[in-house]
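A.B. asks: Could you have a look at this structure, given as structure tokens, before my questions?
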Amino acid sequence: MPEVHDYIVVGSGCTGAMVAQTLVESGVRVTMLDVGVQDKTYKGVIPKKDFISIRKEENEQHEYLLGKNFESIPLGNVGTGAQLTPPRKFMTELVEKYLPLVSENFFPMESLAYGGLGNGWGLGCCEFSRLELEKCGLDVLEMKSAYKIISERIGISGSKDDASAYTIGELDNVMPPLEMNTNNKLIFEKYQQKKEKLNSRGFFMGRPALAVLTEDKGERKKYNYDEMDFYSDNGKSAYRPWITVDELRKKNNFNYTNNVLVTDFSEENNMTKVSALNVETNEHVSYFCKKLILTPGVLVTARIVLRSFRKQESNLPLISNVYTYMPCINWKMLGKEMDEKNVGFAQLTLLHDANKENFDVAMASLYSYRSLMLFRLLKETPLNFRDGRIIMNYLLPALTILGIHHPEQGGESKFLKIKTDQDSPTGDKLIVEYKLTKEEKEKNNSIEKKFIRAMRSLGCKTLKKVNPGNGSSIHYAGTLPFNDEQKQFSVSHSGKLNGTKNVFVADGSGFKYLPAKGLTFSLMANAHIVAKNVLKNE
Amino acid sequence: MTEAEIFGKYLLGNIPNQKSVILYVDAMNKLKISLDKKEEKLLQFMLRNPNSVKWIDSGLAMFRKESPIRKKLLVMSAILETIPEYANLFFPKRTSIIYVFWVGFRAGFKAMIGGLMIKFI
């Protein structure tokens with residue numbers, strides 16, 4: 001008789017970690033199946049110093065700043081994941097081989113890493129509003145309570161200000177925010193002066209809520225402003241899901257198995273057979289369990305479900321926030337020195353809530369630029385490299401990157417399906433079509449123009465607008481929309497995959513709408529709720 | 001002078017240290033930036049006439065942004081940025097706005113001349 005696992009969780013990203021934690025804390029036995037790629041190249045190579053000291057003192061810095069194969073020098077166009085530094089590149093390792101995807105208009109980032117896409121998460125934590133939760137198909141009361149639990153687990157810093165209704169919401173266990181640099185302080189001061197006018201135009205500004213510690217929490221240390229955010233996880237001050245999985249691995253009722261790519265499942269006699277591929281040996285392997293919880297990320301879950309239901313011809317809907325970024329210059333900072341202390345994470349958030357209903361809000365995050373280095377900027381300027389360096393050195397302290405996410409819902413031209421592909425180790429590939437309607441494009445454009453005007457009011461000149469393409473937000477949802485009527489290719493509100501007895505989906509597959517606020521915090525809250533429902537379904 | 005030394009000298013004002021040259025050669029071996037005939041001719045002209053690099057880079061930046069020669073220069077610039085000896089050149093610093101305007105004007109002028117050069121070489 002093969003071993004029968006009580007609970008199998010697929011994937012170790014933000015949702016997998018939260019499901020596993022909830023299950024393990026309830027005392028049941030949990031097995032996590034994961035490909036679990038880890039960084040073997042740069043781990044331990046990066047000195048525990050701040051960015052400026054490294055730049056001035058470390059002779060081998062090119063290894064981790066540019067990559068041992070110079071892979072971080074951007075020779076092509078800016079696309080999804082352009083911000084991935086060499087020590088974060090492992091996040092997308094093996095993806096091309098095991099998760100082939102073909103699309104002319106959708107360029108997602110997927111991960112088979114230990115900790116999944118959570119390794120590169122920007123750490124923004126936003127509670128969805130009541131209206132947003134309802135449109136997503138989520139239970140408002142359950143989610144509000146789950147937000148508190150997740151915030152306690154991961155540690156969130158933020159503040160009560162004009163943005164807090166959109167970010168920390170009703171959370172009361174929030175640490176003080178990170179310190180702002182002078183550039184952002186000046187923008188925020190300007191906002192305070194022009195607040196009335198901006199508010200009347202639907203704009204609200206404040207500090208973002210981030211899953212980064214400003215006070216020690218257990219073994220995790222408060223943020224030390226080393227500005228190495230894009231390179232390492234010093235002191236574990238920024239939350240990454242591997243921190244949770246590492247902790248769980250110390251418990252007797254948790255078992256972690258890596259090198260396993262789950263491909264499909266089947267159910268028989270109250271037992272679920274999980275089929276997988278061992279990525280080390282390329283052998284097909286099987287596991288048996290009483291309950292299966294899928295959390296490998298929306299696109300991987302879609303592949304698993306389509307294969308399992310043997311419905312290759314079916315199209316599944318897809319939602320992904322549209323993302324645009326704009327480099328801006330804060331006039332007041334021109335000619336000033338850049339602060340020694342800096343933060344790579346978002347320092348301010350600017351929200352556009354036209355109807356002041358906390359619904360269909362567009363959200364922008366403001367970032368300073370330094371630790372991603374000058375060469376990435378120089379490539380984008382129409383100037384020769386030598387003069388460009390002098391000009392960019394002058395502009396850098398005044399440079400703010402405004403990253404705008406738009407709210408998004410499904411549509412007829414936004415779908416995915418799988419197609420047979422004998423060259424793929426899984427025998428298939430994902431085909432994605434993602435086209436915005438003319439109205440959607442116009443709406444987003446009009447909102448972006450409003451942001452440009454708002455930034456002008458805040459003393460900032462927008463230099464250009466860059467749209468890295470559909471899928472670049474790395475926010476994906478809606479492939480198996482919530483539905484309680486047992487419709488195929490949907491999940492019930494408990495998280496159970498309709499048409500199955502013991503298979504649950506705890507990632508964003510069920511979300512029917514994507515607010516612009518960043519979904520990771522809500523994904524984790526929903527994952528916790530699904531885990532509770534799995535336990536109730538005993 | 002080698003390609004690395006010529007590009008380094010253009011970017012720094014001085015011949016770069018040995019480490020940057022070695023890294024550049026290593027990067028070229030690994031990145032395999034290929035040039036078509038036209039670009040190869042342009043590159044050879046730059047290597048024979050190191051003083052032309054600033055003009056041609058300016059022209060390419062303005063009129064042929066995706067040129068493989070620009071990619072080579074980007075690689076050298078990125079390498080120099082990671083050499084502690086040159087770190088300060090790549091950090092923000094106080095500069096007079098008049099000087100910055102002058103540099104901008106100069107860059108524009110170089111782009112015009114460079115634009116003509118890349119057309120006729």
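Following the order of the structure tokens, first chain is A, next is B, and so on, with residues numbered from 1 inside each chain and ligands from 1 in the order they appear.
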Compile the contact shell of region 105-108 of chain A as a PyMOL selection string: residues with an atom at most 10 Å away, counting only C-alpha atoms, same-chain residues fewer than 6 positions apart removed.
C.D. replies: chain A and resi 79-81+299+320+414+431-436+468-476
A.B. asks: Could the residues in this selection be written to a file with N, CA, C and O atoms, as a PDB file, in the first residue's frame?
C.D. replies:
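Ended up saving to part_27.pdb:
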```pdb
ATOM      1  N   GLY A  79      11.075  44.486 -19.813  1.00  0.00           N
ATOM      2  CA  GLY A  79       9.890  43.622 -19.791  1.00  0.00           C
ATOM      3  C   GLY A  79       9.606  43.182 -18.377  1.00  0.00           C
ATOM      4  O   GLY A  79      10.150  43.742 -17.418  1.00  0.00           O
ATOM      5  N   THR A  80       8.767  42.157 -18.238  1.00  0.00           N
ATOM      6  CA  THR A  80       8.428  41.647 -16.918  1.00  0.00           C
ATOM      7  C   THR A  80       9.690  41.141 -16.226  1.00  0.00           C
ATOM      8  O   THR A  80      10.481  40.420 -16.832  1.00  0.00           O
ATOM      9  N   GLY A  81       9.863  41.541 -14.982  1.00  0.00           N
ATOM     10  CA  GLY A  81      11.002  41.049 -14.215  1.00  0.00           C
ATOM     11  C   GLY A  81      12.307  41.757 -14.495  1.00  0.00           C
ATOM     12  O   GLY A  81      13.378  41.263 -14.140  1.00  0.00           O
ATOM     13  N   LEU A 299      -1.414  30.438 -12.631  1.00  0.00           N
ATOM     14  CA  LEU A 299      -1.164  29.853 -13.953  1.00  0.00           C
ATOM     15  C   LEU A 299      -0.803  28.366 -13.851  1.00  0.00           C
ATOM     16  O   LEU A 299      -1.180  27.569 -14.705  1.00  0.00           O
ATOM     17  N   SER A 320      -5.322  40.108 -14.951  1.00  0.00           N
ATOM     18  CA  SER A 320      -4.003  40.580 -14.507  1.00  0.00           C
ATOM     19  C   SER A 320      -4.020  42.108 -14.516  1.00  0.00           C
ATOM     20  O   SER A 320      -4.401  42.711 -15.521  1.00  0.00           O
ATOM     21  N   LYS A 414      -9.451  37.740 -22.735  1.00  0.00           N
ATOM     22  CA  LYS A 414      -8.461  37.483 -21.683  1.00  0.00           C
ATOM     23  C   LYS A 414      -8.672  36.044 -21.214  1.00  0.00           C
ATOM     24  O   LYS A 414      -9.551  35.777 -20.387  1.00  0.00           O
ATOM     25  N   ILE A 431      -1.244  28.401 -23.514  1.00  0.00           N
ATOM     26  CA  ILE A 431      -1.449  29.438 -24.530  1.00  0.00           C
ATOM     27  C   ILE A 431      -2.259  30.546 -23.861  1.00  0.00           C
ATOM     28  O   ILE A 431      -3.298  30.269 -23.254  1.00  0.00           O
ATOM     29  N   VAL A 432      -1.769  31.772 -23.943  1.00  0.00           N
ATOM     30  CA  VAL A 432      -2.497  32.875 -23.286  1.00  0.00           C
ATOM     31  C   VAL A 432      -2.797  33.973 -24.291  1.00  0.00           C
ATOM     32  O   VAL A 432      -1.948  34.364 -25.095  1.00  0.00           O
ATOM     33  N   GLU A 433      -4.012  34.459 -24.202  1.00  0.00           N
ATOM     34  CA  GLU A 433      -4.437  35.605 -25.014  1.00  0.00           C
ATOM     35  C   GLU A 433      -4.884  36.676 -24.017  1.00  0.00           C
ATOM     36  O   GLU A 433      -5.682  36.394 -23.117  1.00  0.00           O
ATOM     37  N   TYR A 434      -4.301  37.858 -24.123  1.00  0.00           N
ATOM     38  CA  TYR A 434      -4.717  38.915 -23.183  1.00  0.00           C
ATOM     39  C   TYR A 434      -4.762  40.242 -23.916  1.00  0.00           C
ATOM     40  O   TYR A 434      -3.740  40.863 -24.185  1.00  0.00           O
ATOM     41  N   LYS A 435      -5.969  40.661 -24.252  1.00  0.00           N
ATOM     42  CA  LYS A 435      -6.128  41.927 -24.973  1.00  0.00           C
ATOM     43  C   LYS A 435      -7.094  42.811 -24.219  1.00  0.00           C
ATOM     44  O   LYS A 435      -8.189  42.361 -23.842  1.00  0.00           O
ATOM     45  N   LEU A 436      -6.710  44.058 -24.051  1.00  0.00           N
ATOM     46  CA  LEU A 436      -7.628  45.011 -23.428  1.00  0.00           C
ATOM     47  C   LEU A 436      -8.538  45.583 -24.510  1.00  0.00           C
ATOM     48  O   LEU A 436      -8.122  45.718 -25.671  1.00  0.00           O
ATOM     49  N   PRO A 468       5.360  47.983 -19.535  1.00  0.00           N
ATOM     50  CA  PRO A 468       6.163  46.797 -19.867  1.00  0.00           C
ATOM     51  C   PRO A 468       5.358  45.648 -20.457  1.00  0.00           C
ATOM     52  O   PRO A 468       5.928  44.613 -20.778  1.00  0.00           O
ATOM     53  N   GLY A 469       4.053  45.806 -20.608  1.00  0.00           N
ATOM     54  CA  GLY A 469       3.250  44.765 -21.267  1.00  0.00           C
ATOM     55  C   GLY A 469       2.332  44.036 -20.304  1.00  0.00           C
ATOM     56  O   GLY A 469       2.540  44.051 -19.082  1.00  0.00           O
ATOM     57  N   ASN A 470       1.312  43.389 -20.864  1.00  0.00           N
ATOM     58  CA  ASN A 470       0.360  42.644 -20.027  1.00  0.00           C
ATOM     59  C   ASN A 470       1.088  41.526 -19.286  1.00  0.00           C
ATOM     60  O   ASN A 470       1.908  40.829 -19.869  1.00  0.00           O
ATOM     61  N   GLY A 471       0.749  41.375 -18.035  1.00  0.00           N
ATOM     62  CA  GLY A 471       1.374  40.336 -17.224  1.00  0.00           C
ATOM     63  C   GLY A 471       2.516  40.862 -16.379  1.00  0.00           C
ATOM     64  O   GLY A 471       2.989  40.178 -15.471  1.00  0.00           O
ATOM     65  N   SER A 472       2.959  42.102 -16.665  1.00  0.00           N
ATOM     66  CA  SER A 472       4.132  42.614 -15.955  1.00  0.00           C
ATOM     67  C   SER A 472       3.825  43.002 -14.508  1.00  0.00           C
ATOM     68  O   SER A 472       4.738  43.206 -13.716  1.00  0.00           O
ATOM     69  N   SER A 473       2.556  43.095 -14.159  1.00  0.00           N
ATOM     70  CA  SER A 473       2.222  43.419 -12.757  1.00  0.00           C
ATOM     71  C   SER A 473       2.552  42.235 -11.845  1.00  0.00           C
ATOM     72  O   SER A 473       2.683  42.384 -10.633  1.00  0.00           O
ATOM     73  N   ILE A 474       2.649  41.037 -12.453  1.00  0.00           N
ATOM     74  CA  ILE A 474       2.866  39.777 -11.715  1.00  0.00           C
ATOM     75  C   ILE A 474       1.704  39.534 -10.750  1.00  0.00           C
ATOM     76  O   ILE A 474       1.853  38.878  -9.716  1.00  0.00           O
ATOM     77  N   HIS A 475       0.540  40.081 -11.082  1.00  0.00           N
ATOM     78  CA  HIS A 475      -0.699  39.828 -10.324  1.00  0.00           C
ATOM     79  C   HIS A 475      -1.634  39.058 -11.264  1.00  0.00           C
ATOM     80  O   HIS A 475      -2.075  39.609 -12.261  1.00  0.00           O
ATOM     81  N   TYR A 476      -1.923  37.812 -10.926  1.00  0.00           N
ATOM     82  CA  TYR A 476      -2.777  37.004 -11.796  1.00  0.00           C
ATOM     83  C   TYR A 476      -3.913  36.386 -10.973  1.00  0.00           C
ATOM     84  O   TYR A 476      -3.700  36.002  -9.817  1.00  0.00           O
TER      85      TYR A 476
END
```
A.B. asks: Please determine the contact residues of chain A with respect to chain B at a cut-off of 8 Å, counting only C-alpha atoms, and supply them as a PDB file with N, CA and C atoms, in the first residue's frame.
C.D. replies:
```pdb
ATOM      1  N   ARG A  55      29.631  49.128  -2.575  1.00  0.00           N
ATOM      2  CA  ARG A  55      30.068  49.773  -3.813  1.00  0.00           C
ATOM      3  C   ARG A  55      31.475  50.368  -3.677  1.00  0.00           C
ATOM      4  N   LYS A  56      31.764  50.873  -2.477  1.00  0.00           N
ATOM      5  CA  LYS A  56      33.061  51.527  -2.310  1.00  0.00           C
ATOM      6  C   LYS A  56      34.188  50.567  -1.954  1.00  0.00           C
ATOM      7  N   GLU A  57      33.819  49.403  -1.380  1.00  0.00           N
ATOM      8  CA  GLU A  57      34.869  48.562  -0.795  1.00  0.00           C
ATOM      9  C   GLU A  57      35.039  47.172  -1.407  1.00  0.00           C
ATOM     10  N   GLU A  58      33.998  46.634  -1.996  1.00  0.00           N
ATOM     11  CA  GLU A  58      34.045  45.211  -2.372  1.00  0.00           C
ATOM     12  C   GLU A  58      34.542  44.996  -3.806  1.00  0.00           C
ATOM     13  N   ASN A  59      35.664  44.315  -3.921  1.00  0.00           N
ATOM     14  CA  ASN A  59      36.262  44.095  -5.237  1.00  0.00           C
ATOM     15  C   ASN A  59      35.476  43.132  -6.120  1.00  0.00           C
ATOM     16  N   GLN A  61      32.183  42.791  -6.206  1.00  0.00           N
ATOM     17  CA  GLN A  61      30.763  43.172  -6.236  1.00  0.00           C
ATOM     18  C   GLN A  61      30.107  42.901  -7.595  1.00  0.00           C
ATOM     19  N   HIS A  62      30.908  42.913  -8.663  1.00  0.00           N
ATOM     20  CA  HIS A  62      30.328  42.674  -9.991  1.00  0.00           C
ATOM     21  C   HIS A  62      29.641  41.321 -10.059  1.00  0.00           C
ATOM     22  N   LEU A  65      26.179  42.050  -8.380  1.00  0.00           N
ATOM     23  CA  LEU A  65      25.455  43.218  -8.899  1.00  0.00           C
ATOM     24  C   LEU A  65      25.164  43.063 -10.395  1.00  0.00           C
ATOM     25  N   LEU A  66      26.102  42.438 -11.114  1.00  0.00           N
ATOM     26  CA  LEU A  66      25.893  42.224 -12.552  1.00  0.00           C
ATOM     27  C   LEU A  66      25.583  40.763 -12.862  1.00  0.00           C
ATOM     28  N   ASN A  69      27.532  35.700 -14.890  1.00  0.00           N
ATOM     29  CA  ASN A  69      27.527  35.644 -16.368  1.00  0.00           C
ATOM     30  C   ASN A  69      27.044  36.965 -16.954  1.00  0.00           C
ATOM     31  N   PHE A  70      27.123  38.013 -16.166  1.00  0.00           N
ATOM     32  CA  PHE A  70      26.703  39.365 -16.584  1.00  0.00           C
ATOM     33  C   PHE A  70      25.231  39.379 -17.024  1.00  0.00           C
ATOM     34  N   ILE A  73      22.832  42.612 -16.966  1.00  0.00           N
ATOM     35  CA  ILE A  73      22.969  43.783 -17.852  1.00  0.00           C
ATOM     36  C   ILE A  73      21.869  43.683 -18.907  1.00  0.00           C
ATOM     37  N   LEU A  75      20.283  43.804 -22.059  1.00  0.00           N
ATOM     38  CA  LEU A  75      20.611  44.035 -23.468  1.00  0.00           C
ATOM     39  C   LEU A  75      19.362  44.112 -24.350  1.00  0.00           C
ATOM     40  N   GLY A 335      19.879  69.308  -7.616  1.00  0.00           N
ATOM     41  CA  GLY A 335      21.053  69.950  -7.050  1.00  0.00           C
ATOM     42  C   GLY A 335      21.293  69.587  -5.598  1.00  0.00           C
ATOM     43  N   LYS A 336      20.381  68.786  -5.016  1.00  0.00           N
ATOM     44  CA  LYS A 336      20.578  68.378  -3.619  1.00  0.00           C
ATOM     45  C   LYS A 336      21.309  67.024  -3.574  1.00  0.00           C
ATOM     46  N   GLU A 337      21.874  66.738  -2.386  1.00  0.00           N
ATOM     47  CA  GLU A 337      22.571  65.453  -2.246  1.00  0.00           C
ATOM     48  C   GLU A 337      21.566  64.360  -1.921  1.00  0.00           C
ATOM     49  N   MET A 338      21.894  63.151  -2.295  1.00  0.00           N
ATOM     50  CA  MET A 338      21.020  62.024  -1.955  1.00  0.00           C
ATOM     51  C   MET A 338      21.321  61.578  -0.531  1.00  0.00           C
ATOM     52  N   LEU A 374      23.110  52.745 -11.875  1.00  0.00           N
ATOM     53  CA  LEU A 374      22.961  53.762 -12.919  1.00  0.00           C
ATOM     54  C   LEU A 374      22.863  53.167 -14.336  1.00  0.00           C
ATOM     55  N   PHE A 375      23.553  52.042 -14.576  1.00  0.00           N
ATOM     56  CA  PHE A 375      23.624  51.549 -15.964  1.00  0.00           C
ATOM     57  C   PHE A 375      22.253  51.222 -16.537  1.00  0.00           C
ATOM     58  N   LEU A 378      20.969  54.553 -17.693  1.00  0.00           N
ATOM     59  CA  LEU A 378      21.730  55.094 -18.831  1.00  0.00           C
ATOM     60  C   LEU A 378      21.281  54.465 -20.142  1.00  0.00           C
ATOM     61  N   LYS A 379      20.953  53.188 -20.077  1.00  0.00           N
ATOM     62  CA  LYS A 379      20.519  52.479 -21.288  1.00  0.00           C
ATOM     63  C   LYS A 379      19.260  53.117 -21.873  1.00  0.00           C
ATOM     64  N   THR A 381      18.342  56.335 -21.685  1.00  0.00           N
ATOM     65  CA  THR A 381      18.406  57.746 -22.077  1.00  0.00           C
ATOM     66  C   THR A 381      18.869  57.882 -23.534  1.00  0.00           C
ATOM     67  N   PRO A 382      18.488  58.967 -24.191  1.00  0.00           N
ATOM     68  CA  PRO A 382      18.951  59.175 -25.573  1.00  0.00           C
ATOM     69  C   PRO A 382      20.298  59.893 -25.603  1.00  0.00           C
ATOM     70  N   LEU A 383      21.084  59.721 -24.527  1.00  0.00           N
ATOM     71  CA  LEU A 383      22.355  60.444 -24.406  1.00  0.00           C
ATOM     72  C   LEU A 383      23.524  59.485 -24.519  1.00  0.00           C
ATOM     73  N   ASN A 384      24.679  60.022 -24.942  1.00  0.00           N
ATOM     74  CA  ASN A 384      25.873  59.175 -24.938  1.00  0.00           C
ATOM     75  C   ASN A 384      26.206  58.817 -23.487  1.00  0.00           C
ATOM     76  N   PHE A 385      26.911  57.694 -23.305  1.00  0.00           N
ATOM     77  CA  PHE A 385      27.107  57.162 -21.956  1.00  0.00           C
ATOM     78  C   PHE A 385      27.874  58.112 -21.037  1.00  0.00           C
ATOM     79  N   ARG A 386      28.824  58.850 -21.595  1.00  0.00           N
ATOM     80  CA  ARG A 386      29.654  59.693 -20.732  1.00  0.00           C
ATOM     81  C   ARG A 386      28.881  60.919 -20.234  1.00  0.00           C
ATOM     82  N   ASP A 387      28.245  61.640 -21.122  1.00  0.00           N
ATOM     83  CA  ASP A 387      27.458  62.796 -20.707  1.00  0.00           C
ATOM     84  C   ASP A 387      26.204  62.360 -19.945  1.00  0.00           C
ATOM     85  N   ARG A 389      25.935  59.900 -17.935  1.00  0.00           N
ATOM     86  CA  ARG A 389      26.281  59.633 -16.527  1.00  0.00           C
ATOM     87  C   ARG A 389      26.292  60.921 -15.717  1.00  0.00           C
ATOM     88  N   ILE A 390      26.874  61.973 -16.269  1.00  0.00           N
ATOM     89  CA  ILE A 390      26.950  63.252 -15.535  1.00  0.00           C
ATOM     90  C   ILE A 390      25.535  63.792 -15.279  1.00  0.00           C
ATOM     91  N   ILE A 391      24.696  63.722 -16.300  1.00  0.00           N
ATOM     92  CA  ILE A 391      23.330  64.258 -16.150  1.00  0.00           C
ATOM     93  C   ILE A 391      22.509  63.394 -15.191  1.00  0.00           C
ATOM     94  N   MET A 392      22.627  62.075 -15.328  1.00  0.00           N
ATOM     95  CA  MET A 392      21.847  61.199 -14.441  1.00  0.00           C
ATOM     96  C   MET A 392      22.320  61.303 -12.991  1.00  0.00           C
ATOM     97  N   ASN A 393      23.615  61.516 -12.784  1.00  0.00           N
ATOM     98  CA  ASN A 393      24.112  61.721 -11.419  1.00  0.00           C
ATOM     99  C   ASN A 393      23.478  62.956 -10.792  1.00  0.00           C
ATOM    100  N   TYR A 394      23.242  63.953 -11.617  1.00  0.00           N
ATOM    101  CA  TYR A 394      22.621  65.186 -11.140  1.00  0.00           C
ATOM    102  C   TYR A 394      21.130  64.948 -10.834  1.00  0.00           C
ATOM    103  N   LEU A 395      20.495  64.153 -11.710  1.00  0.00           N
ATOM    104  CA  LEU A 395      19.042  63.953 -11.566  1.00  0.00           C
ATOM    105  C   LEU A 395      18.659  62.911 -10.507  1.00  0.00           C
ATOM    106  N   LEU A 396      19.576  61.985 -10.227  1.00  0.00           N
ATOM    107  CA  LEU A 396      19.230  60.833  -9.394  1.00  0.00           C
ATOM    108  C   LEU A 396      18.579  61.179  -8.036  1.00  0.00           C
ATOM    109  N   PRO A 397      19.116  62.146  -7.274  1.00  0.00           N
ATOM    110  CA  PRO A 397      18.464  62.442  -5.990  1.00  0.00           C
ATOM    111  C   PRO A 397      17.019  62.923  -6.157  1.00  0.00           C
TER     112      PRO A 397
END
```
A.B. asks: Met1 (chain B): which residues within 12 Å, counting only C-alpha atoms, same-chain residues fewer than 6 positions away excluded, as a list in words?
C.D. replies: Phe7, Gly8, Lys9, Tyr10, Ile15, Pro16, Val21, Met46, Leu47, Arg48, Asn49 and Pro50 of chain B
A.B. asks: Identify, on the basis of only C-alpha atoms, every residue whose closest approach to Thr301 (chain A) does not exceed 10 Å; exclude the query and any residue fewer than 3 positions from it along the same chain; express the result as a list in words.
C.D. replies: Val10, Gly11, Val262, Thr263, Asp264, Leu294, Thr295, Pro296, Gly297, Val298, Ile304, Val305, Leu306, Arg307, Thr479, Leu480, Val505, Ala506, Asp507, Gly508 and Ser509 of chain A
A.B. asks: Would you please extract all alpha helix (DSSP H) residues from chain B, as assigned by DSSP on the backbone, and give them as number ranges by chain?
C.D. replies: B: 3-12, 18-31, 37-48, 53-63, 68-81, 97-120
A.B. asks: Quick one: write out the picked residues with C-alpha atoms as a compact mmCIF listing (two decimals), in the first residue's frame?
C.D. replies:
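And here is the file that came out, result27.txt:
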```txt
# COMPACT_ATOMS: atom_id res chain seq x y z
CA GLU B 3 38.43 47.62 -27.46
CA ALA B 4 38.03 47.50 -23.67
CA GLU B 5 40.71 50.14 -23.14
CA ILE B 6 39.27 52.44 -25.80
CA PHE B 7 35.73 52.17 -24.41
CA GLY B 8 37.00 52.50 -20.84
CA LYS B 9 39.05 55.57 -21.67
CA TYR B 10 36.06 57.16 -23.37
CA LEU B 11 33.82 56.53 -20.34
CA LEU B 12 36.33 57.43 -17.62
CA GLN B 18 43.35 45.79 -15.70
CA LYS B 19 40.45 44.27 -13.78
CA SER B 20 37.86 46.17 -15.84
CA VAL B 21 39.58 45.09 -19.05
CA ILE B 22 39.56 41.42 -17.97
CA LEU B 23 35.90 41.64 -16.95
CA TYR B 24 34.99 43.25 -20.26
CA VAL B 25 36.69 40.49 -22.23
CA ASP B 26 34.96 37.88 -20.08
CA ALA B 27 31.60 39.62 -20.58
CA MET B 28 32.05 39.74 -24.35
CA ASN B 29 32.83 36.01 -24.39
CA LYS B 30 29.76 35.23 -22.33
CA LEU B 31 27.22 37.67 -23.78
CA LYS B 37 28.46 44.10 -41.38
CA LYS B 38 27.45 47.72 -41.02
CA GLU B 39 27.95 47.74 -37.25
CA GLU B 40 31.24 45.86 -37.57
CA LYS B 41 32.49 48.52 -39.98
CA LEU B 42 31.43 51.24 -37.57
CA LEU B 43 33.14 49.49 -34.68
CA GLN B 44 36.37 49.07 -36.61
CA PHE B 45 36.29 52.79 -37.43
CA MET B 46 35.86 53.59 -33.71
CA LEU B 47 38.77 51.33 -32.78
CA ARG B 48 41.02 52.92 -35.39
CA VAL B 53 33.77 57.06 -29.93
CA LYS B 54 32.07 60.01 -28.21
CA TRP B 55 30.51 61.20 -31.46
CA ILE B 56 29.37 57.81 -32.65
CA ASP B 57 27.98 56.81 -29.23
CA SER B 58 26.00 60.08 -29.20
CA GLY B 59 24.64 59.43 -32.66
CA LEU B 60 23.70 55.86 -31.86
CA ALA B 61 22.02 56.88 -28.58
CA MET B 62 19.84 59.32 -30.44
CA PHE B 63 19.20 57.54 -33.74
CA PRO B 68 25.03 46.32 -30.60
CA ILE B 69 27.83 48.89 -30.22
CA ARG B 70 25.67 50.69 -27.64
CA LYS B 71 25.23 47.32 -25.94
CA LYS B 72 28.99 46.87 -25.76
CA LEU B 73 29.36 50.35 -24.28
CA LEU B 74 26.57 49.56 -21.80
CA VAL B 75 28.47 46.47 -20.69
CA MET B 76 31.65 48.50 -20.15
CA SER B 77 29.73 51.20 -18.28
CA ALA B 78 28.09 48.57 -16.03
CA ILE B 79 31.47 46.95 -15.31
CA LEU B 80 33.12 50.26 -14.43
CA GLU B 81 30.22 51.02 -12.10
CA ILE B 97 23.01 73.44 -13.05
CA ILE B 98 24.89 75.56 -15.58
CA TYR B 99 27.41 72.74 -16.02
CA VAL B 100 24.58 70.20 -16.41
CA PHE B 101 22.94 72.37 -19.07
CA TRP B 102 26.30 72.65 -20.82
CA VAL B 103 26.71 68.86 -20.75
CA GLY B 104 23.19 68.46 -22.16
CA PHE B 105 23.89 70.97 -24.92
CA ARG B 106 27.19 69.27 -25.66
CA ALA B 107 25.49 65.87 -25.83
CA GLY B 108 22.92 67.22 -28.27
CA PHE B 109 25.62 68.69 -30.48
CA LYS B 110 27.59 65.45 -30.42
CA ALA B 111 24.44 63.54 -31.36
CA MET B 112 23.98 65.70 -34.47
CA ILE B 113 27.57 65.16 -35.63
CA GLY B 114 27.46 61.49 -34.61
CA GLY B 115 24.19 61.05 -36.50
CA LEU B 116 25.90 62.19 -39.67
CA MET B 117 28.92 60.00 -38.97
CA ILE B 118 26.93 56.80 -38.55
CA LYS B 119 25.10 57.61 -41.77
CA PHE B 120 28.25 57.92 -43.85
```
